[in-house]
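Chemist: Contents of protein_4.pdb (PDB, C-alpha atoms, pLDDT in the B column):
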ATOM      1  CA  MET A  26     121.161  56.081 -66.681  1.00 52.00           C
ATOM      2  CA  ASP A  27     118.821  58.981 -67.386  1.00 60.00           C
ATOM      3  CA  LYS A  28     116.718  58.064 -64.318  1.00 54.00           C
ATOM      4  CA  TYR A  29     119.887  58.041 -62.204  1.00 47.00           C
ATOM      5  CA  LEU A  30     120.912  61.515 -63.349  1.00 46.00           C
ATOM      6  CA  LYS A  31     117.432  62.935 -62.696  1.00 53.00           C
ATOM      7  CA  THR A  32     117.321  61.376 -59.224  1.00 46.00           C
ATOM      8  CA  ALA A  33     120.819  62.623 -58.418  1.00 45.00           C
ATOM      9  CA  ALA A  34     119.905  66.153 -59.539  1.00 45.00           C
ATOM     10  CA  VAL A  35     116.700  66.206 -57.478  1.00 41.00           C
ATOM     11  CA  THR A  36     118.536  64.842 -54.429  1.00 46.00           C
ATOM     12  CA  ALA A  37     121.285  67.461 -54.799  1.00 44.00           C
ATOM     13  CA  ILE A  38     118.735  70.289 -55.032  1.00 44.00           C
ATOM     14  CA  ILE A  39     116.892  69.030 -51.950  1.00 47.00           C
ATOM     15  CA  ALA A  40     120.174  68.767 -50.028  1.00 48.00           C
ATOM     16  CA  VAL A  41     121.166  72.332 -50.947  1.00 43.00           C
ATOM     17  CA  ILE A  42     117.767  73.660 -49.854  1.00 47.00           C
ATOM     18  CA  ALA A  43     117.922  71.714 -46.581  1.00 49.00           C
ATOM     19  CA  MET A  44     121.447  72.953 -45.808  1.00 52.00           C
ATOM     20  CA  ALA A  45     120.449  76.555 -46.566  1.00 52.00           C
ATOM     21  CA  ALA A  46     117.407  76.206 -44.302  1.00 46.00           C
ATOM     22  CA  CYS A  47     119.559  74.982 -41.416  1.00 46.00           C
ATOM     23  CA  LYS A  48     121.907  77.942 -41.742  1.00 49.00           C
ATOM     24  CA  LYS A  49     119.029  80.444 -41.661  1.00 48.00           C
ATOM     25  CA  ASP A  50     116.683  78.902 -39.119  1.00 48.00           C
ATOM     26  CA  GLN A  51     117.330  76.770 -36.068  1.00 56.00           C
ATOM     27  CA  ASN A  52     114.022  74.930 -36.599  1.00 71.00           C
ATOM     28  CA  CYS A  53     115.042  73.458 -39.933  1.00 86.00           C
ATOM     29  CA  SER A  54     114.070  70.050 -41.234  1.00 79.00           C
ATOM     30  CA  LEU A  55     116.510  67.653 -42.885  1.00 81.00           C
ATOM     31  CA  HIS A  56     115.124  65.352 -45.535  1.00 85.00           C
ATOM     32  CA  PRO A  57     115.359  61.638 -44.772  1.00 92.00           C
ATOM     33  CA  GLU A  58     117.952  59.415 -46.406  1.00 95.00           C
ATOM     34  CA  ALA A  59     116.848  57.733 -49.622  1.00 97.00           C
ATOM     35  CA  PHE A  60     115.381  54.241 -49.304  1.00 98.00           C
ATOM     36  CA  ARG A  61     118.175  51.845 -50.328  1.00 97.00           C
ATOM     37  CA  PHE A  62     117.709  48.111 -50.713  1.00 98.00           C
ATOM     38  CA  SER A  63     119.343  44.948 -52.004  1.00 97.00           C
ATOM     39  CA  ILE A  64     117.614  41.638 -52.677  1.00 97.00           C
ATOM     40  CA  ILE A  65     119.232  38.377 -51.581  1.00 97.00           C
ATOM     41  CA  ASP A  66     118.365  34.683 -51.527  1.00 97.00           C
ATOM     42  CA  VAL A  67     117.287  33.774 -47.980  1.00 96.00           C
ATOM     43  CA  GLU A  68     119.143  30.443 -48.044  1.00 97.00           C
ATOM     44  CA  THR A  69     122.367  31.241 -49.898  1.00 97.00           C
ATOM     45  CA  GLY A  70     122.741  35.006 -49.432  1.00 95.00           C
ATOM     46  CA  ASP A  71     123.276  35.371 -53.194  1.00 96.00           C
ATOM     47  CA  ASP A  72     122.531  38.757 -54.766  1.00 96.00           C
ATOM     48  CA  LEU A  73     119.324  38.169 -56.759  1.00 97.00           C
ATOM     49  CA  LEU A  74     119.865  41.296 -58.857  1.00 96.00           C
ATOM     50  CA  GLY A  75     123.497  40.448 -59.592  1.00 95.00           C
ATOM     51  CA  SER A  76     122.625  36.858 -60.520  1.00 96.00           C
ATOM     52  CA  GLY A  77     119.887  37.960 -62.913  1.00 95.00           C
ATOM     53  CA  THR A  78     117.068  36.302 -60.951  1.00 96.00           C
ATOM     54  CA  TYR A  79     115.465  39.747 -60.925  1.00 97.00           C
ATOM     55  CA  SER A  80     116.243  42.400 -63.522  1.00 97.00           C
ATOM     56  CA  SER A  81     116.815  45.930 -62.259  1.00 95.00           C
ATOM     57  CA  ASP A  82     114.823  47.143 -65.279  1.00 96.00           C
ATOM     58  CA  ASN A  83     111.699  45.433 -63.883  1.00 97.00           C
ATOM     59  CA  ILE A  84     112.058  46.698 -60.298  1.00 98.00           C
ATOM     60  CA  GLY A  85     109.495  49.307 -59.338  1.00 98.00           C
ATOM     61  CA  ILE A  86     107.764  50.710 -56.283  1.00 98.00           C
ATOM     62  CA  TYR A  87     104.263  52.137 -56.123  1.00 98.00           C
ATOM     63  CA  TYR A  88     101.670  53.123 -53.530  1.00 98.00           C
ATOM     64  CA  PHE A  89      98.049  54.189 -53.551  1.00 98.00           C
ATOM     65  CA  TYR A  90      96.927  57.736 -52.797  1.00 98.00           C
ATOM     66  CA  ASN A  91      93.276  58.747 -53.200  1.00 96.00           C
ATOM     67  CA  ASN A  92      92.655  55.312 -54.742  1.00 96.00           C
ATOM     68  CA  GLN A  93      95.144  56.023 -57.533  1.00 98.00           C
ATOM     69  CA  GLU A  94      98.389  54.155 -58.106  1.00 98.00           C
ATOM     70  CA  GLN A  95     101.432  56.399 -57.762  1.00 98.00           C
ATOM     71  CA  GLU A  96     104.762  55.148 -59.116  1.00 98.00           C
ATOM     72  CA  LEU A  97     108.090  56.085 -57.542  1.00 98.00           C
ATOM     73  CA  ILE A  98     111.436  56.452 -59.300  1.00 98.00           C
ATOM     74  CA  VAL A  99     113.766  53.545 -58.514  1.00 98.00           C
ATOM     75  CA  ASN A 100     117.367  53.477 -59.739  1.00 97.00           C
ATOM     76  CA  ILE A 101     120.523  51.448 -59.356  1.00 95.00           C
ATOM     77  CA  GLU A 102     123.081  53.351 -57.365  1.00 89.00           C
ATOM     78  CA  PRO A 103     126.643  52.101 -57.074  1.00 81.00           C
ATOM     79  CA  ASN A 104     128.023  51.466 -53.605  1.00 83.00           C
ATOM     80  CA  PRO A 105     131.727  50.627 -53.512  1.00 83.00           C
ATOM     81  CA  ASP A 106     131.374  49.456 -49.881  1.00 86.00           C
ATOM     82  CA  SER A 107     128.936  46.666 -50.765  1.00 89.00           C
ATOM     83  CA  HIS A 108     129.201  43.526 -52.867  1.00 92.00           C
ATOM     84  CA  LEU A 109     125.438  43.666 -53.477  1.00 95.00           C
ATOM     85  CA  ILE A 110     123.617  45.677 -56.130  1.00 96.00           C
ATOM     86  CA  GLU A 111     121.636  48.461 -54.461  1.00 97.00           C
ATOM     87  CA  MET A 112     118.424  50.007 -55.698  1.00 98.00           C
ATOM     88  CA  VAL A 113     117.380  53.448 -54.445  1.00 98.00           C
ATOM     89  CA  SER A 114     114.198  55.513 -54.168  1.00 98.00           C
ATOM     90  CA  ALA A 115     114.629  59.060 -52.838  1.00 97.00           C
ATOM     91  CA  GLN A 116     110.856  59.609 -52.988  1.00 98.00           C
ATOM     92  CA  LEU A 117     109.705  56.717 -50.783  1.00 98.00           C
ATOM     93  CA  PRO A 118     110.700  58.167 -47.370  1.00 98.00           C
ATOM     94  CA  MET A 119     109.194  61.556 -48.275  1.00 97.00           C
ATOM     95  CA  VAL A 120     105.872  59.922 -49.204  1.00 98.00           C
ATOM     96  CA  SER A 121     105.839  58.172 -45.823  1.00 97.00           C
ATOM     97  CA  LEU A 122     106.929  61.302 -43.946  1.00 96.00           C
ATOM     98  CA  THR A 123     104.175  63.430 -45.498  1.00 95.00           C
ATOM     99  CA  GLY A 124     101.539  60.852 -44.571  1.00 96.00           C
ATOM    100  CA  ARG A 125     100.535  60.009 -48.126  1.00 97.00           C
ATOM    101  CA  SER A 126     101.193  56.305 -47.459  1.00 98.00           C
ATOM    102  CA  GLU A 127     103.121  53.934 -45.226  1.00 98.00           C
ATOM    103  CA  THR A 128     102.374  50.914 -47.429  1.00 98.00           C
ATOM    104  CA  PHE A 129     104.326  50.423 -50.650  1.00 98.00           C
ATOM    105  CA  TYR A 130     104.411  47.679 -53.257  1.00 98.00           C
ATOM    106  CA  LEU A 131     107.746  46.441 -54.574  1.00 98.00           C
ATOM    107  CA  VAL A 132     107.418  45.011 -58.074  1.00 98.00           C
ATOM    108  CA  LEU A 133     110.144  42.441 -58.738  1.00 98.00           C
ATOM    109  CA  ASN A 134     108.766  41.115 -62.027  1.00 96.00           C
ATOM    110  CA  ALA A 135     105.393  40.587 -63.694  1.00 94.00           C
ATOM    111  CA  GLN A 136     104.513  37.743 -61.294  1.00 96.00           C
ATOM    112  CA  ASP A 137     106.130  38.846 -58.035  1.00 97.00           C
ATOM    113  CA  THR A 138     105.133  41.886 -55.940  1.00 98.00           C
ATOM    114  CA  ASP A 139     106.100  42.327 -52.287  1.00 98.00           C
ATOM    115  CA  THR A 140     104.785  44.663 -49.603  1.00 98.00           C
ATOM    116  CA  LEU A 141     106.897  47.259 -47.822  1.00 98.00           C
ATOM    117  CA  THR A 142     105.813  49.175 -44.731  1.00 98.00           C
ATOM    118  CA  VAL A 143     107.896  52.277 -44.045  1.00 98.00           C
ATOM    119  CA  ILE A 144     107.287  54.615 -41.092  1.00 98.00           C
ATOM    120  CA  MET A 145     109.542  57.605 -40.621  1.00 97.00           C
ATOM    121  CA  GLY A 146     110.504  59.019 -37.223  1.00 94.00           C
ATOM    122  CA  ASN A 147     111.203  62.557 -36.040  1.00 91.00           C
ATOM    123  CA  GLU A 148     113.990  63.688 -33.716  1.00 90.00           C
ATOM    124  CA  LYS A 149     116.096  66.801 -33.104  1.00 88.00           C
ATOM    125  CA  ARG A 150     119.735  66.838 -34.208  1.00 85.00           C
ATOM    126  CA  ASN A 151     121.817  70.002 -33.926  1.00 85.00           C
ATOM    127  CA  GLY A 152     118.639  72.084 -33.709  1.00 86.00           C
ATOM    128  CA  CYS A 153     117.111  70.563 -36.833  1.00 91.00           C
ATOM    129  CA  ASP A 154     114.301  68.061 -37.280  1.00 90.00           C
ATOM    130  CA  PHE A 155     115.820  64.802 -38.515  1.00 90.00           C
ATOM    131  CA  HIS A 156     113.703  61.980 -39.915  1.00 93.00           C
ATOM    132  CA  PRO A 157     115.247  58.522 -39.437  1.00 96.00           C
ATOM    133  CA  TYR A 158     113.566  55.297 -40.452  1.00 97.00           C
ATOM    134  CA  ASP A 159     111.436  54.214 -37.491  1.00 97.00           C
ATOM    135  CA  VAL A 160     109.873  50.988 -38.808  1.00 98.00           C
ATOM    136  CA  VAL A 161     110.623  49.111 -42.028  1.00 98.00           C
ATOM    137  CA  LYS A 162     108.914  45.817 -42.850  1.00 98.00           C
ATOM    138  CA  HIS A 163     109.237  43.567 -45.885  1.00 98.00           C
ATOM    139  CA  ASN A 164     106.229  41.265 -46.323  1.00 98.00           C
ATOM    140  CA  GLY A 165     105.377  41.821 -42.648  1.00 98.00           C
ATOM    141  CA  LYS A 166     108.879  40.997 -41.358  1.00 98.00           C
ATOM    142  CA  ASN A 167     110.675  43.754 -39.414  1.00 98.00           C
ATOM    143  CA  LEU A 168     113.982  44.761 -40.960  1.00 98.00           C
ATOM    144  CA  PRO A 169     116.893  46.092 -38.921  1.00 97.00           C
ATOM    145  CA  VAL A 170     117.471  49.819 -39.395  1.00 95.00           C
ATOM    146  CA  THR A 171     121.109  50.879 -39.648  1.00 93.00           C
ATOM    147  CA  GLU A 172     121.559  54.523 -40.572  1.00 89.00           C
ATOM    148  CA  GLY A 173     123.346  54.926 -43.898  1.00 88.00           C
ATOM    149  CA  LYS A 174     123.030  51.243 -44.867  1.00 94.00           C
ATOM    150  CA  ALA A 175     120.798  49.541 -47.410  1.00 96.00           C
ATOM    151  CA  PHE A 176     117.918  47.350 -46.295  1.00 98.00           C
ATOM    152  CA  ILE A 177     118.428  43.689 -47.143  1.00 97.00           C
ATOM    153  CA  LEU A 178     115.287  42.095 -48.571  1.00 98.00           C
ATOM    154  CA  GLU A 179     115.273  38.304 -48.420  1.00 97.00           C
ATOM    155  CA  LYS A 180     113.468  36.201 -51.008  1.00 96.00           C
TER     156      LYS A 180
END
As structure tokens, please, write out the structure in this file.
Modeler:
Amino acid sequence: MDKYLKTAAVTAIIAVIAMAACKKDQNCSLHPEAFRFSIIDVETGDDLLGSGTYSSDNIGIYYFYNNQEQELIVNIEPNPDSHLIEMVSAQLPMVSLTGRSETFYLVLNAQDTDTLTVIMGNEKRNGCDFHPYDVVKHNGKNLPVTEGKAFILEK
């Protein structure tokens, strides 16, 4: 819960700064949406977090920068519009956008780590730079990008 509150506070501060920048300057930049994902069984479509196959406490994401492992904050975030448990990392798209890394490692448990490739785009919206997800891959498989929706990772 403490991680969730910290992430929510950081996200709120970033949003306020971005909105203030857009009001002052027509060449503003909006931060990308947080990376949201759910994990389902490829055959049954069952929620693997909800079923307990994977514990949300064990889920983590890291990347390498200057040959050092960098961990990202990952939290559960409720979504009343979805029947699946969603995990969220606000940091992941910013790391990709800044060029620190496009390759991330999703830790599911002590034995299971997947690879994520995330490439952010850049386009103008209402005079501001907007950064949508351009390419997202899970273990080399392209995932559909739907703005505002969680990525569905199949295991």
Chemist: Would you write out, as a list of chain:residue names, every residue that the PyMOL selection byres ((chain A and resi 142-153) around 6) captures in this file?
Modeler: A:Gln51, A:Asn52, A:Cys53, A:Ser54, A:Leu122, A:Glu127, A:Thr128, A:Leu141, A:Asp154, A:Phe155, A:His156, A:Pro157, A:Tyr158, A:Asp159, A:Val160, A:Val161, A:Lys162
Chemist: From the set A:Asn91, A:Asn164, A:Ser63, A:Ser81, which residue has the shortest atom-to-atom contact distance to Ser126 in chain A, counting all atoms listed in the file?
Modeler: A:Asn91
Chemist: Measuring atom to atom with all atoms listed in the file, identify which of A:Leu131, A:Arg125, A:Lys180, A:Ile65 is nearest to Glu111 in chain A.
Modeler: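 Of the candidates, the smallest distance to Glu111 in chain A is held by A:Ile65.
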Chemist: Where does the PyMOL selection byres ((chain A and resi 90) around 10) land in this file, that is, which residues does it pick, as a list of chain:residue names?
Modeler: A:Tyr87, A:Tyr88, A:Phe89, A:Asn91, A:Asn92, A:Gln93, A:Glu94, A:Gln95, A:Val120, A:Gly124, A:Arg125, A:Ser126
Chemist: With distances taken over only C-alpha atoms, which of A:Leu133, A:Ala115, A:Leu178, A:Ile110 is nearest to Gly75 in chain A?
Modeler: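 For Gly75 in chain A, the nearest of the given residues is A:Ile110.
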